[in-house]
$ cat run_36.tsv   # TSV, C-alpha atoms
chain	number	residue	atom	x	y	z
Z	296	MET	CA	-30.45	26.57	-17.36
Z	297	ASN	CA	-27.47	26.16	-15.06
Z	298	GLU	CA	-29.35	26.89	-11.89
Z	299	SER	CA	-31.47	24.54	-9.92
Z	300	ASP	CA	-34.57	24.17	-12.09
Z	301	ALA	CA	-36.92	24.10	-9.10
Z	302	GLN	CA	-35.57	27.40	-7.80
Z	303	VAL	CA	-35.76	29.06	-11.22
Z	304	LYS	CA	-39.33	27.81	-11.72
Z	305	LEU	CA	-40.28	29.13	-8.29
Z	306	CYS	CA	-38.70	32.51	-9.01
Z	307	MET	CA	-40.53	32.74	-12.35
Z	308	GLU	CA	-43.84	31.77	-10.73
Z	309	VAL	CA	-43.37	34.41	-8.02
Z	310	LEU	CA	-42.60	37.08	-10.62
Z	311	ARG	CA	-45.50	35.98	-12.82
Z	312	ARG	CA	-47.91	36.33	-9.90
Z	313	LEU	CA	-46.43	39.69	-8.84
Z	314	GLY	CA	-46.70	40.83	-12.45
Z	315	LYS	CA	-50.34	39.76	-12.66
Z	316	ALA	CA	-51.13	41.68	-9.47
Z	317	GLY	CA	-49.47	44.80	-10.90
Z	318	VAL	CA	-46.64	44.84	-8.35
Z	319	LEU	CA	-43.94	44.67	-11.03
Z	320	ASP	CA	-45.20	47.92	-12.61
Z	321	ASN	CA	-43.75	49.91	-9.72
Z	322	VAL	CA	-40.60	48.01	-8.74
Z	323	LEU	CA	-37.21	46.89	-10.05
Z	324	LEU	CA	-35.64	43.52	-9.59
Z	325	VAL	CA	-32.17	44.08	-8.14
Z	326	GLY	CA	-29.62	41.68	-6.69
Z	327	SER	CA	-28.17	38.55	-8.19
Z	328	TRP	CA	-31.32	37.34	-9.96
Z	329	CYS	CA	-30.72	40.14	-12.50
Z	330	THR	CA	-27.83	38.15	-13.93
Z	331	TYR	CA	-30.26	35.35	-14.78
Z	332	PHE	CA	-32.36	37.73	-16.89
Z	333	TYR	CA	-29.31	39.32	-18.48
Z	334	ARG	CA	-28.30	35.87	-19.64
Z	335	GLU	CA	-31.67	34.41	-20.55
Z	336	ALA	CA	-33.63	37.37	-21.80
Z	337	LEU	CA	-31.06	39.78	-23.24
Z	338	ASP	CA	-28.46	39.38	-25.93
Z	339	GLU	CA	-26.66	36.06	-25.59
Z	340	LYS	CA	-23.33	37.86	-25.10
Z	341	TRP	CA	-24.30	38.40	-21.45
Z	342	ASP	CA	-23.07	34.98	-20.52
Z	343	ILE	CA	-21.96	35.80	-17.02
Z	344	GLY	CA	-21.62	32.65	-15.05
Z	345	PRO	CA	-24.02	30.61	-12.98
Z	346	LEU	CA	-26.34	32.04	-10.41
Z	347	ARG	CA	-26.43	30.85	-6.82
Z	348	THR	CA	-28.73	32.79	-4.62
Z	349	GLY	CA	-31.75	32.05	-2.50
Z	350	ASP	CA	-32.56	35.75	-2.13
Z	351	MET	CA	-34.72	37.82	-4.41
Z	352	ASP	CA	-34.30	41.54	-3.87
Z	353	ILE	CA	-37.07	43.82	-5.01
Z	354	PHE	CA	-36.40	47.54	-5.09
Z	355	VAL	CA	-39.34	49.87	-4.46
Z	356	PRO	CA	-38.21	53.31	-5.71
Z	357	ASN	CA	-41.33	55.08	-4.44
Z	358	PRO	CA	-42.54	53.50	-1.18
Z	359	ASN	CA	-45.43	55.96	-0.79
Z	360	LYS	CA	-46.91	55.47	-4.24
Z	361	GLN	CA	-50.68	55.82	-4.21
Z	362	VAL	CA	-51.78	52.59	-5.82
Z	363	GLY	CA	-54.18	49.84	-4.77
Z	364	LYS	CA	-53.15	47.81	-1.74
Z	365	VAL	CA	-51.71	44.37	-2.46
Z	366	ASP	CA	-51.60	41.30	-0.22
Z	367	ILE	CA	-48.22	39.76	-1.03
Z	368	ILE	CA	-48.75	36.54	0.94
Z	369	GLY	CA	-52.20	36.18	-0.62
Z	370	ILE	CA	-50.65	36.50	-4.10
Z	371	LEU	CA	-48.10	33.83	-3.27
Z	372	ASP	CA	-50.67	31.47	-1.76
Z	373	GLY	CA	-49.82	27.82	-2.26
Z	374	LEU	CA	-46.08	28.41	-2.68
Z	375	ASP	CA	-45.36	27.93	1.05
Z	376	PHE	CA	-44.24	31.49	1.70
Z	377	ILE	CA	-44.60	33.05	5.12
Z	378	SER	CA	-44.16	36.65	6.10
Z	379	GLU	CA	-41.97	37.43	9.08
Z	380	MET	CA	-41.13	40.65	10.80
Z	381	ARG	CA	-37.46	40.34	11.65
Z	382	GLY	CA	-35.98	41.65	14.88
Z	383	ASP	CA	-34.61	44.66	13.04
Z	384	GLY	CA	-38.14	45.58	11.91
Z	385	TYR	CA	-37.92	44.57	8.24
Z	386	THR	CA	-40.45	42.31	6.61
Z	387	LYS	CA	-39.03	39.22	5.00
Z	388	ILE	CA	-41.06	36.91	2.80
Z	389	ILE	CA	-39.64	33.48	3.50
Z	390	GLY	CA	-40.01	30.38	1.35
Z	391	PRO	CA	-38.23	27.02	1.59
Z	392	ASP	CA	-36.14	27.76	-1.52
Z	393	LEU	CA	-36.41	31.51	-1.89
Z	394	GLU	CA	-36.50	34.58	0.35
Z	395	ILE	CA	-37.86	37.89	-0.85
Z	396	ASP	CA	-36.51	41.17	0.50
Z	397	PHE	CA	-37.92	44.58	-0.25
Z	398	LEU	CA	-35.54	47.51	-0.46
Z	399	VAL	CA	-36.12	51.24	-0.68
Z	400	PRO	CA	-33.69	54.07	-1.48
Z	401	GLU	CA	-31.86	55.58	1.47
Z	402	LYS	CA	-32.49	59.30	1.74
Z	403	GLY	CA	-30.52	62.03	3.44
Z	404	ARG	CA	-27.87	60.88	5.86
Z	405	GLY	CA	-29.64	57.58	6.19
Z	406	ASP	CA	-30.40	55.45	9.21
Z	407	ASP	CA	-31.41	51.89	10.04
Z	408	THR	CA	-35.09	52.67	10.57
Z	409	PRO	CA	-37.33	50.40	8.47
Z	410	VAL	CA	-39.41	52.23	5.88
Z	411	SER	CA	-43.09	51.42	5.56
Z	412	VAL	CA	-44.43	50.58	2.10
Z	413	PRO	CA	-48.18	50.92	2.74
Z	414	TYR	CA	-49.44	49.63	-0.61
Z	415	LEU	CA	-47.50	46.38	-0.18
Z	416	GLY	CA	-48.23	46.11	3.54
Z	417	ILE	CA	-44.56	45.64	4.40
Z	418	THR	CA	-41.61	47.45	5.95
Z	419	ALA	CA	-38.48	47.63	3.84
Z	420	GLN	CA	-34.81	48.21	4.39
Z	421	SER	CA	-33.32	51.41	3.01
Z	422	ILE	CA	-30.10	50.88	1.08
Z	423	ARG	CA	-27.52	53.39	-0.05
Z	424	PHE	CA	-26.46	53.67	-3.72
Z	425	LEU	CA	-29.69	52.12	-5.02
Z	426	THR	CA	-30.88	55.34	-6.69
Z	427	PHE	CA	-27.85	54.96	-8.96
Z	428	ILE	CA	-29.36	51.90	-10.66
Z	429	ILE	CA	-32.74	53.46	-11.44
Z	430	ASP	CA	-31.30	55.53	-14.30
Z	431	GLY	CA	-31.35	53.70	-17.60
Z	432	ALA	CA	-33.38	50.81	-16.19
Z	433	ILE	CA	-34.48	48.34	-18.84
Z	434	LYS	CA	-37.73	46.47	-19.29
Z	435	VAL	CA	-37.59	42.81	-20.15
Z	436	ASP	CA	-40.47	40.64	-21.35
Z	437	TYR	CA	-39.92	37.12	-20.21
Z	438	ALA	CA	-42.01	34.03	-19.41
Z	439	GLY	CA	-45.30	35.90	-19.41
Z	440	PHE	CA	-44.36	38.97	-17.38
Z	441	THR	CA	-42.58	42.27	-17.86
Z	442	ILE	CA	-39.91	43.18	-15.38
Z	443	CYS	CA	-37.74	46.24	-14.82
Z	444	LEU	CA	-34.03	45.59	-14.33
Z	445	PRO	CA	-31.08	47.90	-13.78
Z	446	HIS	CA	-28.95	48.42	-16.87
Z	447	PRO	CA	-26.11	45.82	-16.78
Z	448	HIS	CA	-23.39	48.51	-16.74
Z	449	ARG	CA	-24.90	50.26	-13.73
Z	450	PHE	CA	-25.65	46.93	-12.08
Z	451	ALA	CA	-21.98	45.93	-12.41
Z	452	LEU	CA	-20.67	49.20	-11.01
Z	453	HIS	CA	-23.21	49.00	-8.19
Z	454	LYS	CA	-22.01	45.49	-7.32
Z	455	LEU	CA	-18.46	46.81	-7.06
Z	456	LEU	CA	-19.61	49.74	-4.93
Z	457	ILE	CA	-21.46	47.58	-2.42
Z	458	SER	CA	-18.71	44.96	-2.33
Z	459	GLU	CA	-16.57	47.56	-0.58
Z	460	ARG	CA	-19.18	48.07	2.12
Z	461	ARG	CA	-19.94	44.43	2.82
Z	462	VAL	CA	-19.07	43.10	6.24
Z	463	LYS	CA	-19.14	39.46	5.16
Z	464	LYS	CA	-16.12	38.64	3.05
Z	465	ASP	CA	-17.75	35.86	1.03
Z	466	LYS	CA	-20.61	38.16	0.00
Z	467	ALA	CA	-18.12	40.88	-0.94
Z	468	LEU	CA	-16.22	38.36	-3.05
Z	469	LYS	CA	-19.42	37.27	-4.81
Z	470	ASP	CA	-20.47	40.86	-5.52
Z	471	ARG	CA	-17.03	41.74	-6.83
Z	472	GLY	CA	-16.96	38.63	-9.03
Z	473	GLN	CA	-20.35	39.44	-10.56
Z	474	GLY	CA	-19.38	43.07	-11.18
Z	475	ILE	CA	-16.14	42.08	-12.86
Z	476	ASP	CA	-17.84	39.38	-14.97
Z	477	ILE	CA	-20.37	41.83	-16.37
Z	478	LEU	CA	-17.81	44.57	-17.02
Z	479	ARG	CA	-15.55	42.08	-18.80
Z	480	VAL	CA	-18.40	41.02	-21.09
Z	481	ALA	CA	-19.32	44.65	-21.73
Z	482	PHE	CA	-15.74	45.67	-22.56
Z	483	ASN	CA	-15.35	42.66	-24.86
Z	484	GLY	CA	-18.63	43.65	-26.50
Z	485	GLY	CA	-17.22	47.07	-27.41
Z	486	GLU	CA	-19.19	49.05	-24.85
Z	487	ALA	CA	-16.17	50.69	-23.20
Z	488	ASP	CA	-17.30	54.25	-23.93
Z	489	LYS	CA	-20.70	53.73	-22.32
Z	490	ILE	CA	-19.17	52.23	-19.17
Z	491	LYS	CA	-16.53	54.97	-18.93
Z	492	SER	CA	-19.21	57.61	-19.27
Z	493	ILE	CA	-21.20	56.14	-16.37
Z	494	PHE	CA	-18.05	55.67	-14.29
Z	495	ASN	CA	-16.96	59.27	-14.91
Z	496	SER	CA	-20.36	60.53	-13.76
Z	497	LEU	CA	-19.88	58.93	-10.33
Z	498	PRO	CA	-18.97	61.08	-7.30
Z	499	PRO	CA	-15.23	60.86	-6.47
Z	500	LYS	CA	-15.87	58.77	-3.36
Z	501	TRP	CA	-17.88	56.20	-5.29
Z	502	LYS	CA	-15.19	56.08	-7.99
Z	503	GLY	CA	-12.74	55.32	-5.20
Z	504	TYR	CA	-14.86	52.37	-4.02
Z	505	VAL	CA	-15.01	50.96	-7.57
Z	506	LYS	CA	-11.26	51.38	-8.06
Z	507	THR	CA	-10.48	49.72	-4.73
Z	508	ALA	CA	-12.80	46.80	-5.52
Z	509	LEU	CA	-11.27	46.27	-8.95
Z	510	GLY	CA	-7.76	46.54	-7.58
Z	511	LYS	CA	-8.27	43.47	-5.40
Z	512	SER	CA	-7.96	40.89	-8.17
Z	513	ASP	CA	-5.83	40.42	-11.29
Z	514	GLU	CA	-8.89	40.32	-13.51
Z	515	GLY	CA	-10.19	43.45	-11.82
Z	516	ILE	CA	-6.91	45.29	-12.45
Z	517	ILE	CA	-7.24	44.59	-16.20
Z	518	ILE	CA	-10.78	45.99	-16.12
Z	519	LEU	CA	-9.58	49.00	-14.12
Z	520	GLU	CA	-6.90	49.75	-16.70
Z	521	GLN	CA	-9.55	49.61	-19.44
Z	522	LEU	CA	-11.83	51.82	-17.38
Z	523	LEU	CA	-9.17	54.47	-16.76
Z	524	GLY	CA	-7.52	54.12	-20.18
J	92	MET	CA	-7.81	26.41	6.52
J	93	ALA	CA	-9.71	28.80	8.74
J	94	VAL	CA	-13.32	29.57	7.73
J	95	GLN	CA	-12.64	33.27	7.27
J	96	ASN	CA	-9.95	32.50	4.69
J	97	ASN	CA	-12.00	29.96	2.75
J	98	PRO	CA	-14.77	31.57	0.68
J	99	VAL	CA	-16.49	28.24	-0.05
J	100	LYS	CA	-16.73	27.42	3.63
J	101	GLY	CA	-17.90	30.96	4.27
J	102	VAL	CA	-20.70	30.54	1.71
J	103	LEU	CA	-21.72	27.17	3.21
J	104	LYS	CA	-21.67	28.62	6.70
J	105	GLY	CA	-23.83	31.50	5.48
J	106	GLU	CA	-26.20	29.00	3.88
J	107	LEU	CA	-26.40	27.04	7.14
J	108	GLY	CA	-27.30	30.24	8.97
J	109	VAL	CA	-30.05	30.97	6.42
J	110	ILE	CA	-31.47	27.46	6.79
J	111	LEU	CA	-31.45	27.64	10.60
J	112	GLY	CA	-33.22	31.01	10.35
J	113	LYS	CA	-35.85	29.47	8.07
J	114	ILE	CA	-36.38	26.55	10.46
J	115	SER	CA	-37.02	29.04	13.25
J	116	SER	CA	-39.42	31.07	11.07
J	117	TYR	CA	-41.42	28.04	9.92
J	118	TRP	CA	-41.46	26.72	13.48
J	119	LYS	CA	-43.02	29.97	14.69
J	120	ALA	CA	-45.52	29.91	11.81
J	121	MET	CA	-46.42	26.30	12.64
J	122	LEU	CA	-46.90	27.00	16.36
J	123	ALA	CA	-49.23	29.87	15.49
J	124	ILE	CA	-51.67	27.31	14.06
J	125	PRO	CA	-53.35	25.09	16.68
J	126	PRO	CA	-52.63	21.37	16.17
J	127	GLY	CA	-55.17	18.79	15.06
J	128	SER	CA	-57.78	18.38	12.41
J	129	LEU	CA	-61.33	19.61	12.19
J	130	VAL	CA	-63.99	17.01	12.96
J	131	GLU	CA	-67.71	17.32	12.75
J	132	LYS	CA	-70.09	15.98	15.41
J	133	LYS	CA	-73.85	15.83	15.25
J	134	ILE	CA	-75.43	16.32	18.64
J	135	LYS	CA	-79.22	16.23	18.88
J	136	GLY	CA	-79.40	16.82	15.14
J	137	LYS	CA	-77.22	19.91	15.29
J	138	GLN	CA	-73.78	20.21	13.69
J	139	PHE	CA	-70.82	21.20	15.85
J	140	PHE	CA	-67.12	21.26	15.10
J	141	TYR	CA	-64.25	20.08	17.24
J	142	ARG	CA	-60.52	20.09	16.78
J	143	ALA	CA	-59.14	16.59	17.28
J	144	TYR	CA	-55.53	16.46	18.42
J	145	ARG	CA	-53.19	14.05	20.10
J	146	ASP	CA	-52.09	14.53	23.70
J	147	GLY	CA	-49.63	11.74	24.35
J	148	ARG	CA	-51.56	8.54	23.78
J	149	LYS	CA	-54.96	10.18	24.04
J	150	VAL	CA	-56.94	11.84	21.30
J	151	ARG	CA	-58.59	14.96	22.65
J	152	PHE	CA	-61.36	17.06	21.19
J	153	ALA	CA	-61.35	20.83	21.64
J	154	TYR	CA	-64.67	22.54	21.04
J	155	VAL	CA	-64.61	24.93	18.10
J	156	GLY	CA	-68.33	25.59	17.73
J	157	LYS	CA	-70.57	26.16	14.77
J	158	LEU	CA	-68.72	27.07	11.62
J	159	SER	CA	-69.87	28.51	8.33
J	160	GLN	CA	-68.74	26.83	5.12
J	161	GLU	CA	-66.05	29.50	4.82
J	162	GLY	CA	-64.95	28.94	8.43
J	163	GLN	CA	-64.66	25.20	7.83
J	164	GLU	CA	-62.54	25.72	4.75
J	165	LYS	CA	-60.34	28.18	6.63
J	166	ALA	CA	-59.83	25.73	9.52
J	167	ARG	CA	-59.06	22.85	7.15
J	168	LYS	CA	-56.63	24.98	5.18
J	169	ALA	CA	-54.88	26.03	8.40
J	170	ALA	CA	-54.54	22.37	9.46
J	171	SER	CA	-53.09	21.45	6.07
J	172	MET	CA	-50.68	24.41	6.27
J	173	ARG	CA	-49.51	23.17	9.66
J	174	MET	CA	-48.74	19.77	8.14
J	175	ARG	CA	-47.01	21.45	5.21
J	176	TYR	CA	-44.83	23.56	7.55
J	177	ARG	CA	-43.90	20.41	9.45
J	178	LYS	CA	-42.73	18.78	6.25
J	179	ILE	CA	-40.76	21.90	5.26
J	180	ILE	CA	-39.07	22.01	8.69
J	181	SER	CA	-38.17	18.33	8.36
J	182	ASP	CA	-36.62	18.94	4.91
J	183	LEU	CA	-34.74	22.00	6.12
J	184	LYS	CA	-33.38	20.05	9.10
J	185	LYS	CA	-31.99	17.43	6.71
J	186	GLN	CA	-30.24	20.18	4.74
J	187	ALA	CA	-28.83	21.65	7.97
J	188	ILE	CA	-27.51	18.23	9.05
J	189	TYR	CA	-25.84	17.79	5.66
J	190	LEU	CA	-24.22	21.23	5.79
J	191	ARG	CA	-23.02	20.67	9.35
J	192	ARG	CA	-21.37	17.45	8.23
J	193	VAL	CA	-19.69	19.22	5.34
J	194	LEU	CA	-18.49	21.92	7.70
J	195	HIS	CA	-17.44	19.29	10.27
J	196	GLU	CA	-19.73	20.90	12.81
J	197	ARG	CA	-21.56	17.63	13.31
J	198	LYS	CA	-19.66	14.38	13.42
J	199	ARG	CA	-21.05	11.15	11.97
J	200	ARG	CA	-22.42	8.74	14.51
J	201	PRO	CA	-20.12	5.74	14.99
J	202	GLY	CA	-21.17	2.43	13.44

$ encode --input "run_36.tsv" --output "structure tokens"
Amino acid sequence: MNESDAQVKLCMEVLRRLGKAGVLDNVLLVGSWCTYFYREALDEKWDIGPLRTGDMDIFVPNPNKQVGKVDIIGILDGLDFISEMRGDGYTKIIGPDLEIDFLVPEKGRGDDTPVSVPYLGITAQSIRFLTFIIDGAIKVDYAGFTICLPHPHRFALHKLLISERRVKKDKALKDRGQGIDILRVAFNGGEADKIKSIFNSLPPKWKGYVKTALGKSDEGIIILEQLLG
Amino acid sequence: MAVQNNPVKGVLKGELGVILGKISSYWKAMLAIPPGSLVEKKIKGKQFFYRAYRDGRKVRFAYVGKLSQEGQEKARKAASMRMRYRKIISDLKKQAIYLRRVLHERKRRPG
């Protein structure tokens, strides 16, 4: 483990508890923690650099799902998490070493209004492009729980997409770096055709975002040439 | 080098912002729990509960009333959570001080 052991243990404990309560049956783990599972739980070729994030992003594809109500803070009892309604109306689950955000897919033209997820008792932020990573999602059994993750190829392309919409430059740089790392590993692993097929299925505007993101670094330009070649 | 051109500084500055946000959140959570610990008093053979807390140099007792076993556990748990939040805030403040030093936002005290 390259990451801080305490943070990894906390993340695993959180996921184990969410899994036990059935929350993981209806959600996907998105965001940078996916890279941890790609490395630890999938084929060892996914060696994609160390993780550094205090955020855990959980994607709820169907916010209005009719399942039993869950008390998130109750599930996480004893781990020092508190629930806070932020000024913008989103619920954030805050812990000393980890923050949990819930995200839902943005529909239609999209707006900033928080979306209620009644069965989790929270309000979530709607994010564009997230529906893209639902397709081909993979299930991983790890440390006593089963978790759904985006497929690494889609995850990488999604990282490049959002890097172009980030306001904060350091976050954009981190997203771009992760996207490029994963694509490099995938190309080296002989999965070029699969990546190209996903890339070619993207709308022209999205392709443009990916190309622009890749064109910003030397390593990205090599990947772009492979992608277009 | 300006912060906006230095990704490492940008990350640290972002981290400082996250920590300050957490301090504020835990502070609010702590203030939502009344201070003090639950104490039991027997008056004329009957059991009553008070919340003992410090007010400057004085220890004051605020009447809570009769509590069921569950109510007592809840009150004790809340008091222990308040202590826990205090400790978390203290740890987060140390991290913020460290980051401010790294970012040169807070200068070392002379001597």

$ closest_residue --input "run_36.tsv" --among "J:Arg145, J:His195, J:Lys133, J:Arg175" --to "chain Z" --atoms "only C-alpha atoms"
J:Arg175

$ interface_residues --input "run_36.tsv" --of "chain Z" --to "chain J" --cutoff "12 Å" --atoms "all atoms listed in the file" --output "MDAnalysis selection string"
chainID Z and resid 347:350 372:382 387:394 462:469

$ atom_distance --input "run_36.tsv" --atom1 "atom CA of Ile490 of chain Z" --atom2 "atom CA of Tyr333 of chain Z"
16.4 Å

$ residues_around --input "run_36.tsv" --residues "Phe332 of chain Z" --least-positions-apart "6" --cutoff "9 Å" --atoms "all atoms listed in the file" --output "list in words"
Val435, Tyr437 and Leu444 of chain Z

$ closest_residue --input "run_36.tsv" --among "J:Ala166, J:Leu129, J:Trp118, J:Arg192" --to "Lys178 of chain J" --atoms "only C-alpha atoms"
J:Trp118

$ residues_around --input "run_36.tsv" --residues "Val150 of chain J" --least-positions-apart "5" --cutoff "12 Å" --atoms "only C-alpha atoms" --output "ChimeraX atom specification"
/J:126-128,141-145

$ atom_distance --input "run_36.tsv" --atom1 "atom CA of Cys443 of chain Z" --atom2 "atom CA of Phe424 of chain Z"
17.5 Å

$ closest_residue --input "run_36.tsv" --among "J:Met121, J:Ser171, J:Asp146, J:Gln138" --to "Ser159 of chain J" --atoms "all atoms listed in the file"
J:Gln138

$ atom_distance --input "run_36.tsv" --atom1 "atom CA of Ala481 of chain Z" --atom2 "atom CA of Ala451 of chain Z"
9.8 Å

$ axis_aligned_box --input "run_36.tsv" --around "segment 351-356 of chain Z" --padding-each-side "6 Å" --output "JSON"
{"center_x": -36.8, "center_y": 45.6, "center_z": -4.8, "size_x": 17.0, "size_y": 27.5, "size_z": 13.8}

$ residues_around --input "run_36.tsv" --residues "segment 312-323 of chain Z" --least-positions-apart "3" --cutoff "9 Å" --atoms "only C-alpha atoms" --output "ChimeraX atom specification"
/Z:307-309,352-357,360,365,367,370-371,415,429,432,439-445

$ residues_around --input "run_36.tsv" --residues "His448 of chain Z" --least-positions-apart "2" --cutoff "12 Å" --atoms "all atoms listed in the file" --output "PyMOL selection string"
chain Z and resi 329-330+333+341+427-433+444-446+450-455+473-482+484+486-494
